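Text of target32.cif, listed as mmCIF, C-alpha atoms, pLDDT in the B column; chains and numbers go by the auth columns:
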data_data
loop_
_atom_site.group_PDB
_atom_site.id
_atom_site.type_symbol
_atom_site.label_atom_id
_atom_site.label_comp_id
_atom_site.label_asym_id
_atom_site.label_seq_id
_atom_site.Cartn_x
_atom_site.Cartn_y
_atom_site.Cartn_z
_atom_site.B_iso_or_equiv
_atom_site.auth_seq_id
_atom_site.auth_asym_id
ATOM 1 C CA ASP A 1 42.243 18.140 47.111 96.00 1 T
ATOM 2 C CA ILE A 2 44.325 19.785 49.829 98.00 2 T
ATOM 3 C CA GLN A 3 42.203 22.292 51.736 98.00 3 T
ATOM 4 C CA MET A 4 43.834 25.531 52.814 98.00 4 T
ATOM 5 C CA THR A 5 42.391 27.400 55.777 98.00 5 T
ATOM 6 C CA GLN A 6 43.434 30.926 56.630 98.00 6 T
ATOM 7 C CA SER A 7 42.832 32.779 59.858 98.00 7 T
ATOM 8 C CA PRO A 8 41.630 35.289 60.582 98.00 8 T
ATOM 9 C CA SER A 9 39.311 36.083 57.676 98.00 9 T
ATOM 10 C CA SER A 10 39.659 39.775 58.437 98.00 10 T
ATOM 11 C CA LEU A 11 41.936 41.848 60.563 96.00 11 T
ATOM 12 C CA SER A 12 42.056 45.485 61.633 97.00 12 T
ATOM 13 C CA ALA A 13 45.367 47.094 62.428 97.00 13 T
ATOM 14 C CA SER A 14 47.109 50.450 62.529 97.00 14 T
ATOM 15 C CA VAL A 15 50.104 51.763 60.629 97.00 15 T
ATOM 16 C CA GLY A 16 53.211 50.609 62.459 97.00 16 T
ATOM 17 C CA ASP A 17 51.619 47.476 63.923 97.00 17 T
ATOM 18 C CA THR A 18 52.870 43.945 63.418 98.00 18 T
ATOM 19 C CA VAL A 19 50.308 41.385 62.250 98.00 19 T
ATOM 20 C CA THR A 20 50.368 37.637 61.660 98.00 20 T
ATOM 21 C CA ILE A 21 48.186 35.629 59.312 98.00 21 T
ATOM 22 C CA THR A 22 47.996 31.867 59.664 98.00 22 T
ATOM 23 C CA CYS A 23 47.470 29.267 56.958 98.00 23 T
ATOM 24 C CA ARG A 24 46.839 25.607 57.649 98.00 24 T
ATOM 25 C CA ALA A 25 46.852 22.795 55.110 98.00 25 T
ATOM 26 C CA SER A 26 44.686 19.682 55.423 98.00 26 T
ATOM 27 C CA GLN A 27 47.784 17.565 54.711 98.00 27 T
ATOM 28 C CA SER A 28 51.483 18.228 54.384 98.00 28 T
ATOM 29 C CA VAL A 29 52.551 20.500 51.529 98.00 29 T
ATOM 30 C CA SER A 30 56.219 20.336 52.528 97.00 30 T
ATOM 31 C CA SER A 31 57.502 23.887 52.025 97.00 31 T
ATOM 32 C CA LEU A 32 55.578 24.588 48.812 97.00 32 T
ATOM 33 C CA LEU A 33 53.414 27.313 50.267 98.00 33 T
ATOM 34 C CA ASN A 34 53.050 30.740 48.690 98.00 34 T
ATOM 35 C CA TRP A 35 51.633 34.060 49.852 98.00 35 T
ATOM 36 C CA TYR A 36 49.991 36.657 47.636 98.00 36 T
ATOM 37 C CA GLN A 37 48.822 40.221 48.183 98.00 37 T
ATOM 38 C CA GLN A 38 45.855 41.570 46.262 98.00 38 T
ATOM 39 C CA LYS A 39 44.618 45.144 46.166 98.00 39 T
ATOM 40 C CA PRO A 40 41.161 46.019 44.831 96.00 40 T
ATOM 41 C CA GLY A 41 40.891 45.897 41.067 96.00 41 T
ATOM 42 C CA THR A 42 44.356 44.482 40.535 98.00 42 T
ATOM 43 C CA ALA A 43 45.904 41.068 40.004 98.00 43 T
ATOM 44 C CA PRO A 44 47.432 39.252 42.959 98.00 44 T
ATOM 45 C CA LYS A 45 51.128 39.748 43.567 98.00 45 T
ATOM 46 C CA LEU A 46 53.426 36.987 44.762 97.00 46 T
ATOM 47 C CA LEU A 47 55.119 37.995 48.009 98.00 47 T
ATOM 48 C CA ILE A 48 56.617 34.812 49.405 97.00 48 T
ATOM 49 C CA TYR A 49 57.224 31.455 47.728 97.00 49 T
ATOM 50 C CA ALA A 50 58.393 28.145 49.125 97.00 50 T
ATOM 51 C CA ALA A 51 57.185 29.220 52.577 97.00 51 T
ATOM 52 C CA SER A 52 59.924 31.723 53.328 97.00 52 T
ATOM 53 C CA SER A 53 61.612 32.956 50.134 96.00 53 T
ATOM 54 C CA PHE A 54 61.075 36.555 49.101 93.00 54 T
ATOM 55 C CA GLN A 55 59.891 37.338 45.629 93.00 55 T
ATOM 56 C CA SER A 56 62.110 39.977 44.044 93.00 56 T
ATOM 57 C CA GLY A 57 61.272 43.490 45.182 94.00 57 T
ATOM 58 C CA VAL A 58 59.219 42.497 48.214 96.00 58 T
ATOM 59 C CA PRO A 59 60.057 44.519 51.331 96.00 59 T
ATOM 60 C CA SER A 60 61.767 42.689 54.170 95.00 60 T
ATOM 61 C CA ARG A 61 58.941 43.566 56.585 97.00 61 T
ATOM 62 C CA PHE A 62 57.078 40.619 55.043 98.00 62 T
ATOM 63 C CA ARG A 63 58.215 37.316 56.517 98.00 63 T
ATOM 64 C CA GLY A 64 56.962 33.829 55.856 98.00 64 T
ATOM 65 C CA SER A 65 57.598 30.760 57.932 98.00 65 T
ATOM 66 C CA GLY A 66 56.425 27.210 58.489 98.00 66 T
ATOM 67 C CA SER A 67 56.476 23.804 56.884 98.00 67 T
ATOM 68 C CA GLY A 68 54.283 20.761 56.606 98.00 68 T
ATOM 69 C CA THR A 69 50.770 21.875 57.475 98.00 69 T
ATOM 70 C CA GLY A 70 51.230 25.132 59.382 98.00 70 T
ATOM 71 C CA PHE A 71 52.427 28.446 57.977 98.00 71 T
ATOM 72 C CA THR A 72 52.440 32.106 58.936 98.00 72 T
ATOM 73 C CA LEU A 73 52.862 35.422 57.179 98.00 73 T
ATOM 74 C CA THR A 74 54.069 38.196 59.438 98.00 74 T
ATOM 75 C CA ILE A 75 54.028 41.812 58.381 98.00 75 T
ATOM 76 C CA SER A 76 56.076 44.100 60.590 97.00 76 T
ATOM 77 C CA SER A 77 55.731 47.835 60.878 97.00 77 T
ATOM 78 C CA LEU A 78 52.611 48.038 58.701 97.00 78 T
ATOM 79 C CA GLN A 79 52.677 50.646 55.984 97.00 79 T
ATOM 80 C CA PRO A 80 49.607 52.262 54.386 96.00 80 T
ATOM 81 C CA GLU A 81 50.221 50.314 51.163 96.00 81 T
ATOM 82 C CA ASP A 82 50.048 46.982 53.022 97.00 82 T
ATOM 83 C CA PHE A 83 46.301 47.169 53.595 94.00 83 T
ATOM 84 C CA ALA A 84 45.009 44.575 51.163 98.00 84 T
ATOM 85 C CA THR A 85 43.773 40.993 50.988 98.00 85 T
ATOM 86 C CA TYR A 86 46.285 38.201 51.471 98.00 86 T
ATOM 87 C CA TYR A 87 45.996 34.646 50.162 98.00 87 T
ATOM 88 C CA CYS A 88 48.007 31.545 50.848 98.00 88 T
ATOM 89 C CA GLN A 89 48.317 28.837 48.206 98.00 89 T
ATOM 90 C CA GLN A 90 49.894 25.410 48.134 98.00 90 T
ATOM 91 C CA SER A 91 51.780 24.377 44.999 97.00 91 T
ATOM 92 C CA TYR A 92 52.855 20.974 46.334 97.00 92 T
ATOM 93 C CA THR A 93 50.302 19.085 44.303 97.00 93 T
ATOM 94 C CA THR A 94 47.549 19.964 41.864 97.00 94 T
ATOM 95 C CA PRO A 95 45.016 21.416 42.246 98.00 95 T
ATOM 96 C CA HIS A 96 47.087 24.286 43.588 98.00 96 T
ATOM 97 C CA THR A 97 44.492 25.360 46.102 98.00 97 T
ATOM 98 C CA PHE A 98 44.143 28.780 47.725 98.00 98 T
ATOM 99 C CA GLY A 99 42.994 29.814 51.146 98.00 99 T
ATOM 100 C CA GLN A 100 39.876 31.911 51.424 98.00 100 T
ATOM 101 C CA GLY A 101 41.813 35.115 51.981 98.00 101 T
ATOM 102 C CA THR A 102 42.491 37.499 54.855 98.00 102 T
ATOM 103 C CA LYS A 103 41.398 41.099 54.479 98.00 103 T
ATOM 104 C CA LEU A 104 43.701 43.478 56.306 98.00 104 T
ATOM 105 C CA GLU A 105 41.978 46.762 57.047 97.00 105 T
ATOM 106 C CA ILE A 106 43.053 50.000 58.627 91.00 106 T
ATOM 107 C CA LYS A 107 41.847 50.467 62.194 90.00 107 T
ATOM 108 C CA GLN B 1 60.675 41.374 31.660 94.00 1 Q
ATOM 109 C CA ILE B 2 57.887 38.832 31.891 97.00 2 Q
ATOM 110 C CA THR B 3 54.422 39.895 30.806 98.00 3 Q
ATOM 111 C CA LEU B 4 51.199 38.009 30.196 98.00 4 Q
ATOM 112 C CA LYS B 5 47.960 39.237 28.703 98.00 5 Q
ATOM 113 C CA GLU B 6 44.576 37.590 28.456 98.00 6 Q
ATOM 114 C CA SER B 7 42.268 38.071 25.502 98.00 7 Q
ATOM 115 C CA GLY B 8 38.835 36.808 24.636 98.00 8 Q
ATOM 116 C CA PRO B 9 35.158 37.616 24.956 98.00 9 Q
ATOM 117 C CA THR B 10 33.869 39.602 27.894 97.00 10 Q
ATOM 118 C CA LEU B 11 30.327 38.270 27.565 98.00 11 Q
ATOM 119 C CA VAL B 12 29.216 34.734 26.829 98.00 12 Q
ATOM 120 C CA GLN B 13 25.799 33.182 26.874 98.00 13 Q
ATOM 121 C CA PRO B 14 24.886 30.238 29.082 98.00 14 Q
ATOM 122 C CA THR B 15 25.836 26.854 27.564 97.00 15 Q
ATOM 123 C CA GLN B 16 28.388 28.469 25.248 98.00 16 Q
ATOM 124 C CA THR B 17 32.091 27.634 25.210 98.00 17 Q
ATOM 125 C CA LEU B 18 34.571 30.211 26.441 98.00 18 Q
ATOM 126 C CA THR B 19 37.954 30.453 24.727 98.00 19 Q
ATOM 127 C CA LEU B 20 40.628 32.639 26.301 98.00 20 Q
ATOM 128 C CA THR B 21 44.102 33.211 24.928 98.00 21 Q
ATOM 129 C CA CYS B 22 47.115 34.107 27.022 98.00 22 Q
ATOM 130 C CA THR B 23 49.917 35.769 25.083 98.00 23 Q
ATOM 131 C CA PHE B 24 53.145 36.035 27.001 98.00 24 Q
ATOM 132 C CA SER B 25 56.673 37.356 26.608 98.00 25 Q
ATOM 133 C CA GLY B 26 59.906 37.348 28.544 97.00 26 Q
ATOM 134 C CA PHE B 27 60.103 33.585 29.014 96.00 27 Q
ATOM 135 C CA SER B 28 59.787 30.393 27.050 95.00 28 Q
ATOM 136 C CA LEU B 29 57.380 27.582 27.758 96.00 29 Q
ATOM 137 C CA THR B 30 60.100 25.197 26.612 94.00 30 Q
ATOM 138 C CA THR B 31 62.256 26.013 29.639 93.00 31 Q
ATOM 139 C CA THR B 32 62.438 23.109 32.062 94.00 32 Q
ATOM 140 C CA GLY B 33 60.213 23.524 35.084 93.00 33 Q
ATOM 141 C CA VAL B 34 58.140 26.423 33.847 95.00 34 Q
ATOM 142 C CA GLY B 35 54.371 26.434 33.539 97.00 35 Q
ATOM 143 C CA VAL B 36 51.470 28.683 32.627 98.00 36 Q
ATOM 144 C CA GLY B 37 48.313 28.498 34.640 98.00 37 Q
ATOM 145 C CA TRP B 38 44.817 29.916 34.764 98.00 38 Q
ATOM 146 C CA ILE B 39 43.244 31.177 37.950 98.00 39 Q
ATOM 147 C CA ARG B 40 39.864 32.843 38.279 98.00 40 Q
ATOM 148 C CA GLN B 41 38.108 35.051 40.801 98.00 41 Q
ATOM 149 C CA PRO B 42 34.347 35.597 40.939 98.00 42 Q
ATOM 150 C CA PRO B 43 33.405 39.164 41.897 98.00 43 Q
ATOM 151 C CA GLY B 44 34.058 39.708 45.594 97.00 44 Q
ATOM 152 C CA LYS B 45 35.228 36.136 46.155 98.00 45 Q
ATOM 153 C CA ALA B 46 38.430 34.201 46.603 98.00 46 Q
ATOM 154 C CA LEU B 47 40.902 32.975 44.011 98.00 47 Q
ATOM 155 C CA GLU B 48 40.194 29.623 42.392 98.00 48 Q
ATOM 156 C CA TRP B 49 42.885 27.590 40.654 98.00 49 Q
ATOM 157 C CA LEU B 50 41.756 26.088 37.347 98.00 50 Q
ATOM 158 C CA THR B 51 44.582 24.495 35.392 98.00 51 Q
ATOM 159 C CA VAL B 52 48.279 24.540 34.507 98.00 52 Q
ATOM 160 C CA ILE B 53 50.326 23.399 31.527 98.00 53 Q
ATOM 161 C CA TYR B 54 54.011 22.653 31.956 97.00 54 Q
ATOM 162 C CA TRP B 55 56.984 22.986 29.638 96.00 55 Q
ATOM 163 C CA ASP B 56 56.796 19.265 28.841 96.00 56 Q
ATOM 164 C CA ASP B 57 53.086 19.499 27.898 97.00 57 Q
ATOM 165 C CA ASP B 58 51.969 17.931 31.172 97.00 58 Q
ATOM 166 C CA LYS B 59 48.489 19.291 31.884 98.00 59 Q
ATOM 167 C CA ARG B 60 46.696 19.380 35.220 98.00 60 Q
ATOM 168 C CA TYR B 61 43.116 20.379 35.917 98.00 61 Q
ATOM 169 C CA SER B 62 40.885 21.251 38.829 98.00 62 Q
ATOM 170 C CA PRO B 63 39.008 18.007 39.573 98.00 63 Q
ATOM 171 C CA SER B 64 35.718 19.848 40.007 97.00 64 Q
ATOM 172 C CA LEU B 65 35.983 21.393 36.530 98.00 65 Q
ATOM 173 C CA LYS B 66 38.083 18.829 34.714 96.00 66 Q
ATOM 174 C CA SER B 67 35.335 17.681 32.373 97.00 67 Q
ATOM 175 C CA ARG B 68 34.838 21.246 31.119 98.00 68 Q
ATOM 176 C CA LEU B 69 38.417 22.539 30.845 98.00 69 Q
ATOM 177 C CA THR B 70 41.058 22.192 28.162 98.00 70 Q
ATOM 178 C CA ILE B 71 44.446 23.885 28.149 98.00 71 Q
ATOM 179 C CA THR B 72 46.843 23.914 25.214 98.00 72 Q
ATOM 180 C CA LYS B 73 50.031 25.698 24.281 98.00 73 Q
ATOM 181 C CA ASP B 74 51.628 27.024 21.116 97.00 74 Q
ATOM 182 C CA THR B 75 55.260 27.609 21.935 96.00 75 Q
ATOM 183 C CA SER B 76 55.971 29.135 18.533 95.00 76 Q
ATOM 184 C CA LYS B 77 53.449 31.888 19.253 97.00 77 Q
ATOM 185 C CA ASN B 78 54.111 32.133 23.012 98.00 78 Q
ATOM 186 C CA GLN B 79 50.429 31.477 23.666 98.00 79 Q
ATOM 187 C CA VAL B 80 48.359 29.318 25.953 98.00 80 Q
ATOM 188 C CA VAL B 81 44.677 28.761 25.282 98.00 81 Q
ATOM 189 C CA LEU B 82 42.003 27.875 27.833 98.00 82 Q
ATOM 190 C CA THR B 83 38.612 26.567 26.811 98.00 83 Q
ATOM 191 C CA VAL B 84 35.713 26.163 29.201 98.00 84 Q
ATOM 192 C CA THR B 85 32.646 24.392 27.876 98.00 85 Q
ATOM 193 C CA ASN B 86 29.043 24.763 28.975 98.00 86 Q
ATOM 194 C CA MET B 87 29.467 28.137 30.665 98.00 87 Q
ATOM 195 C CA GLU B 88 27.036 29.026 33.443 98.00 88 Q
ATOM 196 C CA PRO B 89 26.344 32.272 35.332 98.00 89 Q
ATOM 197 C CA VAL B 90 28.416 30.922 38.273 98.00 90 Q
ATOM 198 C CA ASP B 91 31.432 30.969 35.933 98.00 91 Q
ATOM 199 C CA THR B 92 31.279 34.761 35.846 98.00 92 Q
ATOM 200 C CA ALA B 93 34.709 35.813 37.059 98.00 93 Q
ATOM 201 C CA THR B 94 37.950 37.572 36.289 98.00 94 Q
ATOM 202 C CA TYR B 95 40.212 35.031 34.603 98.00 95 Q
ATOM 203 C CA TYR B 96 43.946 35.421 35.128 98.00 96 Q
ATOM 204 C CA CYS B 97 46.777 33.934 33.121 98.00 97 Q
ATOM 205 C CA THR B 98 49.852 33.301 35.260 98.00 98 Q
ATOM 206 C CA HIS B 99 53.491 32.258 35.026 98.00 99 Q
ATOM 207 C CA LEU B 100 54.414 29.350 37.287 96.00 100 Q
ATOM 208 C CA HIS B 101 57.945 29.626 38.574 90.00 101 Q
ATOM 209 C CA TYR B 102 60.169 26.596 38.138 85.00 102 Q
ATOM 210 C CA ASP B 103 59.592 23.620 40.390 86.00 103 Q
ATOM 211 C CA ASN B 104 56.147 24.902 41.375 87.00 104 Q
ATOM 212 C CA ARG B 105 57.605 27.777 43.352 90.00 105 Q
ATOM 213 C CA GLY B 106 54.671 30.118 43.076 94.00 106 Q
ATOM 214 C CA TYR B 107 52.794 31.966 40.361 97.00 107 Q
ATOM 215 C CA SER B 108 55.239 34.788 40.021 95.00 108 Q
ATOM 216 C CA TYR B 109 53.726 36.849 37.219 97.00 109 Q
ATOM 217 C CA TRP B 110 50.096 37.525 36.438 98.00 110 Q
ATOM 218 C CA GLY B 111 48.196 39.050 33.569 98.00 111 Q
ATOM 219 C CA GLN B 112 45.883 41.944 34.285 98.00 112 Q
ATOM 220 C CA GLY B 113 42.923 39.607 34.142 98.00 113 Q
ATOM 221 C CA THR B 114 39.827 39.635 31.990 98.00 114 Q
ATOM 222 C CA LEU B 115 36.299 39.797 33.388 98.00 115 Q
ATOM 223 C CA VAL B 116 34.033 37.276 31.703 98.00 116 Q
ATOM 224 C CA THR B 117 30.321 37.622 32.344 98.00 117 Q
ATOM 225 C CA VAL B 118 27.938 34.769 31.619 98.00 118 Q
ATOM 226 C CA SER B 119 24.494 36.069 30.859 97.00 119 Q
ATOM 227 C CA SER B 120 21.778 35.777 28.279 96.00 120 Q
#

Full structure transcribed into structure tokens:
Amino acid sequence: DIQMTQSPSSLSASVGDTVTITCRASQSVSSLLNWYQQKPGTAPKLLIYAASSFQSGVPSRFRGSGSGTGFTLTISSLQPEDFATYYCQQSYTTPHTFGQGTKLEIK
Amino acid sequence: QITLKESGPTLVQPTQTLTLTCTFSGFSLTTTGVGVGWIRQPPGKALEWLTVIYWDDDKRYSPSLKSRLTITKDTSKNQVVLTVTNMEPVDTATYYCTHLHYDNRGYSYWGQGTLVTVSS
């Protein structure tokens, strides 16, 4: 299995800040890396697929980058609705493994 | 508009078999490149990928659970069925049915999830 490691596990920030979450794969996943946002009690929502492509309706303040084994999700100008848990996932090969999640909290 | 909805028991006893049905609309599981997957999340924990079935009936499973999982599809009914044998308390989780975008480009639509509790 490809192991996905996210950092940090938790993060405190203020509205208007810019934050970056990192995801590292134990082997290359090419560009097949996805980012999801999950709010309490709801299903995850796909934000970014194929490392840097926006899912329809996702605000442009979310930006994904990277390839191979290293990826980042950057959220600019944080809005109150952005405080949630974020997961990376590789869909390069099955099992389509997830990272352990990054909880973004309001400072 | 793509929608998916999970249905099945909310409580199962240890050693029993869990059967969940995903009923979907807005896409066809005969379309090249498309898949339907199952992902679960124990309370307060991370997402865990379980299995996916593709348009061509290719099926993939989590290696750690492979012996206990079966996924099937009924394209005429727009349904995908997941069975998990020998359920244990550690299998207590919210189970999500998901639409896999073509060419493995992310799970783009999710059902609301169904919480399955394993307890006697």

Exercise for the section: Would you mind listing what lies within 9 Å of segment 79-96 of chain T as a PyMOL selection string, with all atoms listed in the file counted and same-chain residues fewer than 3 positions away left out? Expected result: (chain T and resi 1-2+4-6+10+13-17+21-23+25+28-40+44+50+71+73+75-76+99-106) or (chain Q and resi 46-52+60-63+104-107)

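Ranking T:Thr18, T:Ser12, T:Gln55, T:Ser7 by their shortest atom-to-atom distance to chain Q, with all atoms listed in the file included, puts T:Gln55 first.
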
Completion exercise
Using only C-alpha atoms, the shortest atom-to-atom distance to chain T among Q:Trp110, Q:Tyr102, Q:Tyr54, Q:Tyr95 belongs to Q:Trp110

Practice task
Given the file shown, determine the residues that the PyMOL selection byres ((chain Q and resi 79-87) around 9) selects; report them as a ChimeraX atom specification.
Solution key: /Q:12-24,29,36-38,51,53,65,67-78,88-92,97,118

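Across the structure, atom CA of Ala93 of chain Q and atom CA of Ile39 of chain Q are spaced 9.8 Å apart.
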
Draw an axis-aligned box over all listed atoms of segment 69-79 of chain Q, pad each side with 3 Å, and write its centre and edge lengths in Å, one decimal, as lines of an AutoDock Vina configuration file.
center_x = 47.2
center_y = 27.2
center_z = 24.7
size_x = 23.6
size_y = 15.9
size_z = 18.3

Handout entry: Shell around Leu115 of chain Q at 10 Å using all atoms listed in the file, local window under 5 positions removed, as a VMD selection string
Key = chain Q and resid 6 8 to 11 40 to 43 92 to 96

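Atom CA of Arg63 of chain T lies 7.7 Å from atom CA of Ile48 of chain T.
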
Handout entry: Residue contacts of Gln27 of chain T (9 Å, all atoms listed in the file) excluding same-chain residues fewer than 6 positions away, as a PyMOL selection string
Key = chain T and resi 2-3+68-69
